[in-house]
>>> print(open('entry_7.cif').read())   # mmCIF, C-alpha atoms
data_input
loop_
_atom_site.label_atom_id
_atom_site.label_comp_id
_atom_site.auth_asym_id
_atom_site.auth_seq_id
_atom_site.Cartn_x
_atom_site.Cartn_y
_atom_site.Cartn_z
CA MET C 62 -23.48 -1.63 -3.16
CA ALA C 63 -19.93 -1.75 -1.85
CA ARG C 64 -17.98 1.49 -2.11
CA ILE C 65 -14.45 2.76 -1.68
CA THR C 66 -14.50 5.33 1.11
CA ALA C 67 -10.82 6.27 1.30
CA SER C 68 -7.31 5.52 0.16
CA VAL C 69 -4.31 5.25 2.44
CA PHE C 70 -0.70 5.52 1.28
CA THR C 71 2.27 4.61 3.42
CA SER C 72 5.80 3.28 3.41
CA HIS C 73 6.29 -0.24 4.76
CA VAL C 74 9.86 -0.12 6.09
CA PRO C 75 10.75 -3.43 7.84
CA ALA C 76 12.71 -1.62 10.58
CA ILE C 77 9.49 0.16 11.55
CA GLY C 78 7.93 -3.22 12.26
CA ALA C 79 10.95 -4.22 14.34
CA ALA C 80 10.73 -0.97 16.34
CA ILE C 81 7.07 -1.70 17.11
CA ASP C 82 7.66 -5.35 17.96
CA HIS C 83 10.56 -4.62 20.30
CA GLY C 84 8.99 -1.66 22.10
CA ARG C 85 11.35 0.98 20.67
CA THR C 86 8.77 3.46 19.37
CA ARG C 87 9.54 6.01 22.10
CA GLU C 88 13.26 6.11 21.38
CA PRO C 89 14.40 9.54 20.12
CA TYR C 90 15.24 8.17 16.68
CA TRP C 91 11.80 6.63 16.19
CA GLN C 92 9.56 9.15 17.95
CA PRO C 93 9.16 11.50 14.94
CA VAL C 94 8.14 8.59 12.71
CA PHE C 95 5.43 7.29 14.99
CA LYS C 96 4.20 10.77 15.87
CA GLY C 97 3.28 11.14 12.20
CA TYR C 98 0.87 8.21 12.54
CA GLU C 99 -0.89 9.29 15.75
CA PHE C 100 -3.58 11.06 13.72
CA SER C 101 -3.88 8.01 11.48
CA LYS C 102 -4.61 5.61 14.33
CA GLN C 103 -7.38 7.85 15.60
CA TRP C 104 -8.67 8.31 12.06
CA MET C 105 -8.86 4.53 11.66
CA THR C 106 -10.99 4.15 14.78
CA GLU C 107 -13.39 6.78 13.42
CA HIS C 108 -13.38 5.53 9.80
CA ARG C 109 -13.15 1.80 10.29
CA PRO C 110 -13.85 -0.01 7.01
CA ASP C 111 -15.33 -3.44 6.57
CA VAL C 112 -12.52 -4.45 4.22
CA ILE C 113 -9.06 -3.15 3.34
CA PHE C 114 -7.79 -3.89 -0.16
CA LEU C 115 -4.07 -3.69 0.55
CA VAL C 116 -1.61 -3.25 -2.31
CA TYR C 117 1.96 -4.22 -1.39
CA ASN C 118 4.95 -6.10 -2.72
CA ASP C 119 6.13 -9.48 -1.53
CA HIS C 120 9.79 -9.66 -0.46
CA ALA C 121 10.56 -13.28 -1.48
CA SER C 122 8.23 -14.61 1.22
CA ALA C 123 5.22 -15.99 -0.65
CA PHE C 124 6.94 -15.86 -4.04
CA SER C 125 10.53 -16.28 -5.21
CA LEU C 126 12.54 -15.83 -8.38
CA GLU C 127 11.13 -19.21 -9.45
CA LEU C 128 7.63 -17.75 -9.81
CA ILE C 129 6.98 -14.02 -10.18
CA PRO C 130 3.37 -12.93 -10.75
CA THR C 131 3.02 -9.34 -11.86
CA PHE C 132 -0.26 -9.01 -9.93
CA ALA C 133 -1.56 -11.56 -7.41
CA ILE C 134 -4.80 -11.31 -5.40
CA GLY C 135 -5.20 -13.20 -2.14
CA THR C 136 -8.50 -15.07 -2.06
CA ALA C 137 -7.92 -17.19 1.06
CA ALA C 138 -9.85 -16.99 4.33
CA GLU C 139 -6.69 -16.10 6.24
CA PHE C 140 -3.04 -15.18 5.71
CA ARG C 141 -0.36 -15.90 8.27
CA PRO C 142 2.59 -13.55 8.96
CA ALA C 143 5.63 -14.77 7.04
CA ASP C 144 8.94 -15.81 8.52
CA GLU C 145 11.35 -13.48 6.71
CA GLY C 146 14.46 -15.10 8.13
CA TYR C 147 14.22 -13.94 11.73
CA GLY C 148 10.86 -15.40 12.71
CA ALA C 149 7.36 -14.20 11.90
CA ARG C 150 6.29 -10.83 13.30
CA PRO C 151 4.26 -11.24 16.52
CA VAL C 152 1.10 -9.86 14.95
CA ALA C 153 -2.36 -11.24 14.36
CA THR C 154 -3.21 -13.52 11.45
CA VAL C 155 -4.78 -11.53 8.63
CA VAL C 156 -8.41 -12.48 8.01
CA GLY C 157 -9.36 -12.30 4.34
CA ASP C 158 -12.62 -11.86 2.45
CA PRO C 159 -12.78 -14.71 -0.08
CA ASP C 160 -16.16 -13.67 -1.50
CA LEU C 161 -15.22 -10.07 -2.26
CA ALA C 162 -11.72 -11.06 -3.40
CA SER C 163 -13.14 -13.63 -5.82
CA HIS C 164 -15.63 -11.08 -7.13
CA ILE C 165 -12.87 -8.53 -7.70
CA ALA C 166 -10.73 -11.15 -9.46
CA GLN C 167 -13.63 -12.09 -11.73
CA SER C 168 -14.43 -8.48 -12.58
CA VAL C 169 -10.84 -7.33 -13.09
CA ILE C 170 -9.87 -10.34 -15.20
CA GLN C 171 -12.96 -9.82 -17.35
CA ASP C 172 -11.77 -6.21 -17.67
CA ASP C 173 -8.65 -7.63 -19.39
CA PHE C 174 -6.19 -7.52 -16.48
CA ASP C 175 -4.41 -10.81 -15.90
CA LEU C 176 -4.25 -11.64 -12.18
CA ALA C 177 -2.70 -14.60 -10.40
CA ILE C 178 -5.07 -16.12 -7.85
CA ALA C 179 -3.41 -16.93 -4.52
CA ASN C 180 -5.53 -19.33 -2.48
CA ARG C 181 -2.72 -19.70 0.02
CA MET C 182 0.16 -17.37 0.84
CA ASP C 183 1.94 -15.88 3.82
CA VAL C 184 2.18 -12.09 4.08
CA ASP C 185 5.35 -10.26 5.03
CA HIS C 186 6.25 -6.83 6.38
CA GLY C 187 5.03 -5.18 3.17
CA LEU C 188 1.50 -5.87 4.38
CA THR C 189 1.80 -6.15 8.16
CA VAL C 190 3.80 -2.98 8.83
CA PRO C 191 1.12 -0.70 7.29
CA LEU C 192 -1.51 -2.48 9.39
CA SER C 193 0.57 -1.92 12.52
CA LEU C 194 1.12 1.75 11.73
CA MET C 195 -2.58 2.37 11.20
CA CYS C 196 -4.10 -0.03 13.74
CA GLY C 197 -1.53 -0.47 16.50
CA GLN C 198 -0.98 -3.88 18.11
CA PRO C 199 -4.44 -5.44 18.50
CA GLU C 200 -5.01 -9.11 19.26
CA ALA C 201 -7.03 -9.22 16.04
CA TRP C 202 -6.98 -6.79 13.10
CA PRO C 203 -10.11 -4.60 13.15
CA CYS C 204 -11.34 -5.56 9.67
CA ARG C 205 -10.91 -8.04 6.86
CA VAL C 206 -7.98 -7.58 4.46
CA ILE C 207 -7.55 -8.57 0.82
CA PRO C 208 -3.82 -8.78 -0.01
CA PHE C 209 -2.85 -7.65 -3.50
CA ALA C 210 0.80 -8.34 -4.32
CA VAL C 211 2.58 -6.46 -7.12
CA ASN C 212 5.96 -7.37 -8.55
CA VAL C 213 8.25 -4.36 -8.14
CA VAL C 214 11.30 -6.48 -7.30
CA GLN C 215 12.29 -8.25 -10.50
CA TYR C 216 12.15 -6.47 -13.87
CA PRO C 217 10.05 -6.17 -15.91
CA VAL C 218 7.68 -4.44 -13.47
CA PRO C 219 4.32 -2.89 -14.38
CA SER C 220 4.22 0.73 -15.49
CA GLY C 221 2.64 3.50 -13.48
CA ARG C 222 0.07 3.86 -16.25
CA ARG C 223 -0.85 0.19 -16.01
CA CYS C 224 -1.18 0.43 -12.23
CA PHE C 225 -3.35 3.53 -12.48
CA MET C 226 -5.64 1.79 -14.96
CA LEU C 227 -5.81 -1.26 -12.72
CA GLY C 228 -6.98 0.91 -9.84
CA GLN C 229 -9.88 2.08 -11.98
CA ALA C 230 -10.82 -1.53 -12.72
CA ILE C 231 -10.69 -2.37 -9.00
CA ARG C 232 -13.02 0.53 -8.18
CA LYS C 233 -15.44 -0.71 -10.82
CA ALA C 234 -15.26 -4.22 -9.36
CA VAL C 235 -15.90 -3.04 -5.80
CA GLU C 236 -18.86 -0.92 -6.84
CA SER C 237 -20.45 -3.87 -8.66
CA TYR C 238 -20.47 -5.99 -5.49
CA ASP C 239 -23.98 -6.16 -4.11
CA GLU C 240 -23.16 -6.22 -0.40
CA ASP C 241 -23.19 -2.92 1.50
CA LEU C 242 -19.52 -2.65 2.44
CA LYS C 243 -17.13 0.18 3.22
CA VAL C 244 -13.84 -0.57 1.50
CA GLN C 245 -10.53 1.24 1.83
CA ILE C 246 -7.76 0.77 -0.70
CA TRP C 247 -4.17 1.11 0.50
CA GLY C 248 -1.05 1.67 -1.58
CA THR C 249 2.20 0.86 0.21
CA GLY C 250 5.98 0.89 -0.30
CA GLY C 251 8.53 3.60 -1.02
CA MET C 252 9.32 6.40 -0.79
CA SER C 253 12.79 7.13 -2.20
CA HIS C 254 15.43 4.61 -1.19
CA GLN C 255 18.17 2.44 -2.62
CA LEU C 256 19.47 -0.60 -0.79
CA GLN C 257 22.55 -1.52 -2.79
CA GLY C 258 25.29 -0.31 -5.10
CA PRO C 259 27.19 3.00 -5.19
CA ARG C 260 24.00 4.97 -4.49
CA ALA C 261 22.93 2.92 -1.46
CA GLY C 262 21.25 5.22 1.05
CA LEU C 263 19.89 7.61 -1.58
CA ILE C 264 16.97 9.75 -0.40
CA ASN C 265 15.43 12.51 -2.53
CA ALA C 266 13.04 14.53 -0.35
CA GLU C 267 12.30 17.11 -3.03
CA TRP C 268 11.24 14.45 -5.53
CA ASP C 269 9.22 12.58 -2.89
CA ASN C 270 7.21 15.65 -1.92
CA ARG C 271 6.60 16.53 -5.56
CA PHE C 272 5.30 12.97 -6.00
CA LEU C 273 2.87 13.51 -3.09
CA ASP C 274 1.73 16.82 -4.58
CA ARG C 275 1.01 15.21 -7.94
CA LEU C 276 -0.59 12.15 -6.39
CA ILE C 277 -3.17 14.51 -4.91
CA SER C 278 -3.68 16.98 -7.74
CA ASP C 279 -2.40 15.36 -10.96
CA PRO C 280 -2.57 11.56 -10.66
CA ALA C 281 -3.21 11.02 -14.37
CA GLY C 282 -0.08 12.99 -15.24
CA LEU C 283 1.91 11.22 -12.54
CA ALA C 284 0.89 7.88 -14.02
CA GLN C 285 2.86 8.75 -17.17
CA VAL C 286 6.20 8.98 -15.34
CA PRO C 287 8.52 6.29 -16.80
CA HIS C 288 10.42 3.71 -14.77
CA ILE C 289 13.76 5.37 -15.48
CA GLU C 290 12.71 8.52 -13.62
CA TYR C 291 11.75 6.56 -10.51
CA VAL C 292 15.09 4.76 -10.53
CA ARG C 293 17.15 7.85 -11.33
CA GLU C 294 15.44 10.22 -8.89
CA ALA C 295 14.10 7.93 -6.14
CA GLY C 296 16.55 5.03 -6.20
CA SER C 297 16.20 1.45 -7.34
CA GLU C 298 13.60 0.64 -4.68
CA GLY C 299 11.72 3.89 -5.33
CA ILE C 300 9.93 2.00 -8.10
CA GLU C 301 7.66 0.65 -5.33
CA LEU C 302 5.75 3.93 -5.63
CA VAL C 303 3.94 2.70 -8.75
CA MET C 304 1.81 0.69 -6.31
CA TRP C 305 0.43 3.93 -4.87
CA LEU C 306 -1.06 4.63 -8.31
CA ILE C 307 -3.29 1.56 -7.99
CA ALA C 308 -4.87 3.01 -4.88
CA ARG C 309 -5.11 6.49 -6.39
CA GLY C 310 -6.70 5.16 -9.57
CA ALA C 311 -9.52 3.66 -7.50
CA MET C 312 -10.67 7.01 -6.10
CA ALA C 313 -13.96 8.60 -7.18
CA ASP C 314 -12.54 11.66 -8.95
CA ILE C 315 -10.81 9.48 -11.54
CA ALA C 316 -14.26 8.29 -12.62
CA GLY C 317 -15.66 11.82 -12.79
CA GLY C 318 -16.61 12.16 -9.13
CA PRO C 319 -15.59 14.87 -6.65
CA LYS C 320 -12.00 15.47 -5.66
CA PRO C 321 -10.86 13.61 -2.55
CA LYS C 322 -10.32 15.34 0.78
CA VAL C 323 -6.76 15.29 2.10
CA ALA C 324 -7.29 14.08 5.66
CA HIS C 325 -3.60 13.71 6.56
CA ARG C 326 -0.15 14.11 5.02
CA PHE C 327 3.17 13.21 6.60
CA TYR C 328 6.76 12.93 5.44
CA HIS C 329 9.90 12.08 7.41
CA VAL C 330 13.57 11.33 6.73
CA PRO C 331 14.91 8.87 7.60
CA ALA C 332 13.52 5.61 8.96
CA SER C 333 16.32 3.11 8.63
CA ASN C 334 17.69 4.11 5.19
CA THR C 335 14.32 5.08 3.72
CA ALA C 336 12.18 8.19 3.35
CA VAL C 337 8.75 7.67 4.94
CA GLY C 338 5.70 9.08 3.19
CA HIS C 339 2.08 8.86 4.30
CA LEU C 340 -1.19 10.23 2.94
CA ILE C 341 -4.88 9.67 3.66
CA LEU C 342 -7.44 10.69 1.04
CA GLU C 343 -11.18 10.50 1.70
CA ASN C 344 -13.87 10.13 -0.93
CA PRO C 345 -16.64 12.68 -0.26
CA GLN C 346 -19.79 10.87 0.83
#
>>> encode(input="entry_7.cif", output="structure tokens")
Amino acid sequence: MARITASVFTSHVPAIGAAIDHGRTREPYWQPVFKGYEFSKQWMTEHRPDVIFLVYNDHASAFSLELIPTFAIGTAAEFRPADEGYGARPVATVVGDPDLASHIAQSVIQDDFDLAIANRMDVDHGLTVPLSLMCGQPEAWPCRVIPFAVNVVQYPVPSGRRCFMLGQAIRKAVESYDEDLKVQIWGTGGMSHQLQGPRAGLINAEWDNRFLDRLISDPAGLAQVPHIEYVREAGSEGIELVMWLIARGAMADIAGGPKPKVAHRFYHVPASNTAVGHLILENPQ
């Protein structure tokens, strides 16, 4: 039986990817950010999964305003880095897991969640930056990845409650797969930031850290937070944090199992114009 061994939560700031790609990680501005992921890289080498189910949002790379799926699962054998207007990131092609992805799609759709099936799509910084932060700059990524894109760009976007429930359905799907696989589920995006308008540059560290506290100890309560609070307190792009609730909903304690172990927690302001949050939760074995 496949099983979810851990969840990883991290921001996916595009400027972080640029700093990695251009060898700027040791600059004074960037050093504190990357220091917060030193533990994570070592943790990944010691807890390498077979598959990462990576929840992220597309930034008009695979999808556009012409077609906006609320949830889309990547079922292809591989996913190439997207050209986001300045060339594709110089990172490895993402190798997928079509069999597991198709099984999850079947199970989740039969559980009454409507997913779009993406048999071909490029993946942008929303997916590749978390991989770089956790895995470094390898010639090939150390495990297979199933991309799961969530619309948090164009309203209406899914509620935190819906995302939390979806995570539970994904856990159920993974655990019904009859191959012995270690699966990690990652929630990416956020934390507080706003990219436009009179509040551009907004960062709310107090709200961010309260979100991390509740993500650990009160995820069901956190799932009830309405969109307006995210936008008011964490900025227009802070709504990306609902994606973290998908990963949290897939953890064992939500289904009556033991509480997860907090392996690592990190928070830093700023990276570009964004607050960076990072958390690793392990399911007790």
>>> resolve_selection(input="entry_7.cif", expression="the PyMOL selection byres ((chain C and resi 277-279) around 9)", output="MDAnalysis selection string")
chainID C and resid 272:276 280:284 309 320:321 323 342
>>> resolve_selection(input="entry_7.cif", expression="the PyMOL selection byres ((chain C and resi 346) around 8)", output="VMD selection string")
chain C and resid 66 344 to 345
>>> closest_residue(input="entry_7.cif", among="C:Met182, C:Val244, C:Ala261, C:Leu302", to="C:His73", atoms="all atoms listed in the file")
C:Leu302
>>> resolve_selection(input="entry_7.cif", expression="the PyMOL selection byres ((chain C and resi 137) around 7)", output="PyMOL selection string")
chain C and resi 135-136+138-139+157+159+180-181
>>> residues_around(input="entry_7.cif", residues="C:Gly250", least_positions_apart="3", cutoff="12 Å", atoms="only C-alpha atoms", output="VMD selection string")
chain C and resid 69 to 75 115 to 120 186 to 191 210 to 214 247 253 to 254 298 to 306 308 335 to 339
>>> atom_distance(input="entry_7.cif", atom1="atom CA of C:Arg260", atom2="atom CA of C:Pro93")
25.3 Å
>>> closest_residue(input="entry_7.cif", among="C:Val184, C:Val94, C:Ile315, C:Leu227", to="C:Ala76", atoms="only C-alpha atoms")
C:Val94
>>> atom_distance(input="entry_7.cif", atom1="atom CA of C:Gly84", atom2="atom CA of C:Gly262")
25.3 Å
>>> residues_around(input="entry_7.cif", residues="C:Phe140", least_positions_apart="4", cutoff="6 Å", atoms="all atoms listed in the file", output="list in words")
Thr154, Val155 and Asp183 of chain C
